[in-house]
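final_35.csv (CSV, C-alpha atoms) appears below.
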chain,number,residue,atom,x,y,z
X,168,MET,CA,25.2,16.4,-40.6
X,169,THR,CA,23.0,16.3,-37.5
X,170,GLU,CA,24.6,14.7,-34.5
X,171,THR,CA,22.6,12.1,-32.6
X,172,HIS,CA,23.1,10.1,-29.4
X,173,THR,CA,21.2,6.9,-28.6
X,174,TYR,CA,20.5,5.4,-25.2
X,175,ASP,CA,19.5,1.7,-25.1
X,176,VAL,CA,17.9,0.3,-22.0
X,177,ALA,CA,16.1,-2.9,-21.2
X,178,VAL,CA,13.3,-3.3,-18.8
X,179,GLU,CA,12.9,-6.9,-17.5
X,180,TRP,CA,9.8,-7.8,-15.5
X,181,THR,CA,10.7,-10.0,-12.5
X,182,GLY,CA,7.3,-10.1,-10.9
X,183,ASN,CA,5.7,-13.3,-12.2
X,184,LEU,CA,4.6,-15.0,-8.9
X,185,GLY,CA,3.6,-18.2,-10.7
X,186,THR,CA,0.4,-17.4,-12.5
X,187,GLY,CA,1.6,-14.3,-14.5
X,188,THR,CA,-1.1,-11.6,-14.9
X,189,ASP,CA,-3.9,-14.0,-14.3
X,190,THR,CA,-5.6,-11.3,-12.1
X,191,TYR,CA,-4.7,-7.7,-11.2
X,192,ARG,CA,-3.5,-8.8,-7.8
X,193,SER,CA,-1.7,-12.0,-8.9
X,194,PHE,CA,1.6,-10.5,-10.0
X,195,SER,CA,4.3,-8.2,-8.6
X,196,ARG,CA,5.2,-5.0,-10.3
X,197,ASP,CA,8.9,-5.7,-9.7
X,198,HIS,CA,11.3,-5.3,-12.6
X,199,GLU,CA,14.9,-4.3,-13.4
X,200,ILE,CA,16.2,-1.5,-15.6
X,201,LEU,CA,19.3,-2.5,-17.4
X,202,ALA,CA,21.7,-0.4,-19.6
X,203,THR,CA,22.2,-2.9,-22.4
X,204,GLY,CA,25.7,-3.9,-23.3
X,205,THR,CA,27.4,-1.7,-20.7
X,206,GLY,CA,27.8,-3.9,-17.6
X,207,LYS,CA,26.2,-1.2,-15.5
X,208,THR,CA,24.5,-2.3,-12.3
X,209,PRO,CA,20.8,-3.0,-12.8
X,210,ILE,CA,18.3,-0.7,-11.1
X,211,ALA,CA,15.7,-2.5,-9.0
X,212,ALA,CA,12.4,-0.9,-9.8
X,213,SER,CA,8.7,-1.4,-9.2
X,214,SER,CA,5.6,0.8,-9.4
X,215,ASP,CA,4.7,3.4,-6.8
X,216,PRO,CA,3.3,1.7,-3.7
X,217,ALA,CA,0.0,3.4,-4.3
X,218,PHE,CA,-0.2,1.2,-7.4
X,219,ARG,CA,0.7,-2.1,-5.7
X,220,GLY,CA,4.5,-1.5,-6.0
X,221,ASP,CA,7.4,-2.3,-3.7
X,222,ALA,CA,8.4,0.8,-1.8
X,223,SER,CA,12.0,-0.5,-1.4
X,224,ARG,CA,12.5,-0.2,-5.2
X,225,TRP,CA,12.7,2.8,-7.5
X,226,ASN,CA,9.5,3.7,-9.4
X,227,PRO,CA,9.2,5.4,-12.8
X,228,GLU,CA,8.0,8.7,-11.3
X,229,GLU,CA,11.0,8.9,-8.9
X,230,LEU,CA,13.4,8.1,-11.8
X,231,LEU,CA,11.8,10.9,-13.9
X,232,VAL,CA,12.2,13.4,-11.1
X,233,ALA,CA,15.8,12.2,-10.6
X,234,SER,CA,16.5,12.6,-14.3
X,235,VAL,CA,15.3,16.2,-14.2
X,236,ALA,CA,17.5,17.0,-11.1
X,237,GLN,CA,20.5,15.2,-12.6
X,238,CYS,CA,20.3,17.0,-15.9
X,239,HIS,CA,19.8,20.4,-14.2
X,240,MET,CA,22.8,19.8,-12.0
X,241,LEU,CA,25.1,18.7,-14.8
X,242,TRP,CA,24.3,21.6,-17.0
X,243,TYR,CA,24.4,24.0,-14.0
X,244,LEU,CA,27.9,22.9,-13.2
X,245,HIS,CA,28.9,23.3,-16.8
X,246,LEU,CA,27.5,26.8,-16.9
X,247,CYS,CA,29.2,27.7,-13.7
X,248,ALA,CA,32.6,26.5,-14.9
X,249,ALA,CA,32.2,28.4,-18.1
X,250,GLY,CA,31.0,31.5,-16.2
X,251,GLY,CA,33.7,31.7,-13.7
X,252,VAL,CA,31.8,30.4,-10.7
X,253,THR,CA,33.6,27.8,-8.6
X,254,VAL,CA,31.1,25.4,-7.1
X,255,VAL,CA,32.6,23.3,-4.3
X,256,ASP,CA,29.4,21.5,-3.2
X,257,TYR,CA,25.9,20.8,-4.7
X,258,GLU,CA,23.0,18.9,-3.3
X,259,ASP,CA,19.4,18.9,-4.5
X,260,ARG,CA,16.2,17.8,-2.8
X,261,ALA,CA,14.0,17.6,-5.8
X,262,HIS,CA,10.2,17.2,-5.5
X,263,GLY,CA,7.8,16.0,-8.2
X,264,VAL,CA,4.0,16.2,-8.2
X,265,MET,CA,1.8,13.7,-10.1
X,266,THR,CA,-1.8,14.8,-10.5
X,267,MET,CA,-4.3,12.0,-11.0
X,268,ASP,CA,-7.0,12.2,-13.6
X,269,ALA,CA,-10.4,13.0,-12.0
X,270,HIS,CA,-11.9,10.1,-13.9
X,271,GLY,CA,-9.5,7.5,-12.5
X,272,GLY,CA,-7.8,6.8,-15.8
X,273,GLY,CA,-4.3,7.8,-15.0
X,274,GLY,CA,-2.2,10.8,-14.1
X,275,GLN,CA,0.7,12.9,-15.1
X,276,ILE,CA,3.7,14.7,-13.6
X,277,THR,CA,2.5,18.3,-13.3
X,278,GLU,CA,5.4,19.9,-11.7
X,279,VAL,CA,9.0,19.4,-10.5
X,280,VAL,CA,10.6,21.7,-8.0
X,281,LEU,CA,14.4,21.6,-7.7
X,282,ARG,CA,15.8,22.8,-4.4
X,283,PRO,CA,19.6,22.9,-5.1
X,284,GLU,CA,21.9,23.9,-2.2
X,285,VAL,CA,25.0,25.2,-3.8
X,286,THR,CA,28.3,26.2,-2.1
X,287,VAL,CA,30.6,28.5,-4.1
X,288,ALA,CA,34.2,29.5,-3.3
X,289,GLU,CA,33.9,33.3,-3.1
X,290,PRO,CA,31.2,35.8,-2.1
X,291,SER,CA,31.6,37.6,-5.4
X,292,MET,CA,30.2,34.5,-7.2
X,293,VAL,CA,26.8,34.4,-5.4
X,294,ASP,CA,24.8,36.5,-7.7
X,295,THR,CA,26.0,34.8,-10.9
X,296,ALA,CA,25.6,31.4,-9.2
X,297,ARG,CA,21.9,32.2,-8.5
X,298,ALA,CA,21.3,33.6,-11.9
X,299,LEU,CA,22.7,30.6,-13.8
X,300,HIS,CA,19.9,28.4,-12.5
X,301,GLY,CA,17.6,30.3,-14.8
X,302,ASP,CA,19.7,29.6,-17.8
X,303,VAL,CA,19.7,25.8,-17.4
X,304,HIS,CA,16.2,25.1,-18.7
X,305,ALA,CA,17.2,26.3,-22.2
X,306,VAL,CA,20.0,23.7,-22.5
X,307,CYS,CA,19.1,20.8,-20.3
X,308,PHE,CA,18.1,17.9,-22.5
X,309,ILE,CA,15.5,16.5,-20.1
X,310,ALA,CA,13.9,19.9,-19.2
X,311,ARG,CA,13.6,20.6,-23.0
X,312,SER,CA,11.8,17.2,-23.4
X,313,VAL,CA,9.1,17.4,-20.8
X,314,ASN,CA,5.7,19.2,-20.8
X,315,PHE,CA,5.5,20.2,-17.2
X,316,PRO,CA,7.0,23.2,-15.4
X,317,ILE,CA,10.4,22.8,-13.7
X,318,LEU,CA,10.8,25.3,-10.9
X,319,HIS,CA,14.0,26.0,-8.9
X,320,GLU,CA,14.5,27.4,-5.5
X,321,PRO,CA,18.2,27.6,-5.1
X,322,VAL,CA,20.1,28.3,-1.9
X,323,ILE,CA,23.6,29.7,-2.5
X,324,ARG,CA,26.2,29.6,0.2
X,325,VAL,CA,29.8,30.6,0.4
X,326,GLN,CA,32.5,28.2,1.5

Can you give me the file's structure in the form of structure tokens?
Amino acid sequence: MTETHTYDVAVEWTGNLGTGTDTYRSFSRDHEILATGTGKTPIAASSDPAFRGDASRWNPEELLVASVAQCHMLWYLHLCAAGGVTVVDYEDRAHGVMTMDAHGGGGQITEVVLRPEVTVAEPSMVDTARALHGDVHAVCFIARSVNFPILHEPVIRVQ
């Protein structure tokens, strides 16, 4: 039997300013992302400010880049634990690029660059710690689900 996992979220538009979508400029792009039935804190979201969104809220493009970075980190930590590498600190400054369609119709994420800064417990772990970043793409659920390249530029330090 094939194992499956499901993830249920709700997106609720909160941007009706009184006249709905009467015109392109008459409504806010604000919305909330909710994990249904879990009691998790809602995520305040909007569109990118370039598309009339609220810069103080998360936008879908940021959330996609964050998902890529999160999945990479979680699998990386797993591979390190299984491979005898003790990670004591991990931080990533992920960067996503969206390329707009030349005809003005839309765009797509064309690249994500992960820049993890990893601190390991022993100098003998540095080479393995660096190499394991290359193994993550084969197992990361998000990386396996997207059609754009995910690059990584890790920095490995010793505690």

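Residues in contact with region 201-205 of chain X at 6 Å, where all atoms listed in the file are counted and same-chain residues fewer than 2 positions away are skipped, are listed as Asp175, Val176, Ala177, Lys207 and Pro209 of chain X.
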
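CA of Glu258 (chain X) is positioned 24.8 Å from CA of Ile200 (chain X).
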
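Comparing the minimum interatomic distances between Pro290 (chain X) and each of X:Val325, X:Leu184, X:Ala217, X:Leu231, counting all atoms listed in the file, we find that X:Val325 sits nearest.
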
Item to complete: Name the closest residue to Gly274 (chain X) among the candidates X:Glu289, X:Asp294, X:Glu228, X:Asp256; distances are taken between atoms, counting all atoms listed in the file.
Response: X:Glu228

Fill in: Close residues, Arg192 (chain X) itself excluded, 12 Å, only C-alpha atoms, min 2 positions apart in chain, as a PyMOL selection string
chain X and resi 182-184+186-190+194-196+218-220

Keeping C-alpha atoms, export the residues of the selection given above as a PDB file, keeping the file's coordinate frame.
ATOM      1  CA  GLY X 182       7.300 -10.100 -10.900  1.00  0.00           C
ATOM      2  CA  ASN X 183       5.700 -13.300 -12.200  1.00  0.00           C
ATOM      3  CA  LEU X 184       4.600 -15.000  -8.900  1.00  0.00           C
ATOM      4  CA  THR X 186       0.400 -17.400 -12.500  1.00  0.00           C
ATOM      5  CA  GLY X 187       1.600 -14.300 -14.500  1.00  0.00           C
ATOM      6  CA  THR X 188      -1.100 -11.600 -14.900  1.00  0.00           C
ATOM      7  CA  ASP X 189      -3.900 -14.000 -14.300  1.00  0.00           C
ATOM      8  CA  THR X 190      -5.600 -11.300 -12.100  1.00  0.00           C
ATOM      9  CA  PHE X 194       1.600 -10.500 -10.000  1.00  0.00           C
ATOM     10  CA  SER X 195       4.300  -8.200  -8.600  1.00  0.00           C
ATOM     11  CA  ARG X 196       5.200  -5.000 -10.300  1.00  0.00           C
ATOM     12  CA  PHE X 218      -0.200   1.200  -7.400  1.00  0.00           C
ATOM     13  CA  ARG X 219       0.700  -2.100  -5.700  1.00  0.00           C
ATOM     14  CA  GLY X 220       4.500  -1.500  -6.000  1.00  0.00           C
TER      15      GLY X 220
END

Worksheet entry | Distance in Å - CA of Ala288 (chain X) versus CA of Met240 (chain X) | 17.3 Å

Against region 300-311 of chain X, which residues of region 243-287 of chain X fall within 12 Å? For each one I want the closest pair of atoms and the distance in Å (one decimal), counting all atoms listed in the file, rows by chain and increasing residue number, as a tab-separated table.
residue	atom	partner	partner_atom	distance
X:Tyr243	CA	X:Val303	CA	6.1
X:Leu244	CA	X:Val303	CA	9.7
X:His245	CA	X:Val303	CA	9.6
X:Leu246	CA	X:Val303	CA	7.9
X:Cys247	CA	X:His300	CA	9.4
X:Gly250	CA	X:Asp302	CA	11.6
X:Glu278	CA	X:Ala310	CA	11.3
X:Val279	CA	X:Ala310	CA	10.0
X:Val280	CA	X:Ala310	CA	11.8
X:Leu281	CA	X:His300	CA	10.0
X:Arg282	CA	X:His300	CA	10.7
X:Pro283	CA	X:His300	CA	9.2
X:Glu284	CA	X:His300	CA	11.4
X:Val285	CA	X:His300	CA	10.6

Fill in: For CA of Ala296 (chain X) and CA of Arg324 (chain X), the interatomic separation in Å (one decimal)
9.6 Å

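The shortest atom-to-atom distance to His319 (chain X), with only C-alpha atoms taken into account, belongs to X:His262 out of X:Trp242, X:His262, X:Met292, X:Thr286.
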
Discussion item. Counting all atoms listed in the file, which residues sit no farther than 10 Å from the position (2.7, 7.4, -17.6) in the file's frame? I'd like them as an MDAnalysis selection string.
Written reply: chainID X and resid 227:228 265 273:276

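Among the candidates X:Ala249, X:Thr277, X:Gln326, X:Gln237, the residue lying nearest to Asn314 (chain X) is X:Thr277 (atoms considered: all atoms listed in the file).
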
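Compared by their closest atoms to Glu320 (chain X), and using only C-alpha atoms, the residues X:Ala269, X:Val255, X:Ala222, X:Ala261 rank with X:Ala261 nearest.
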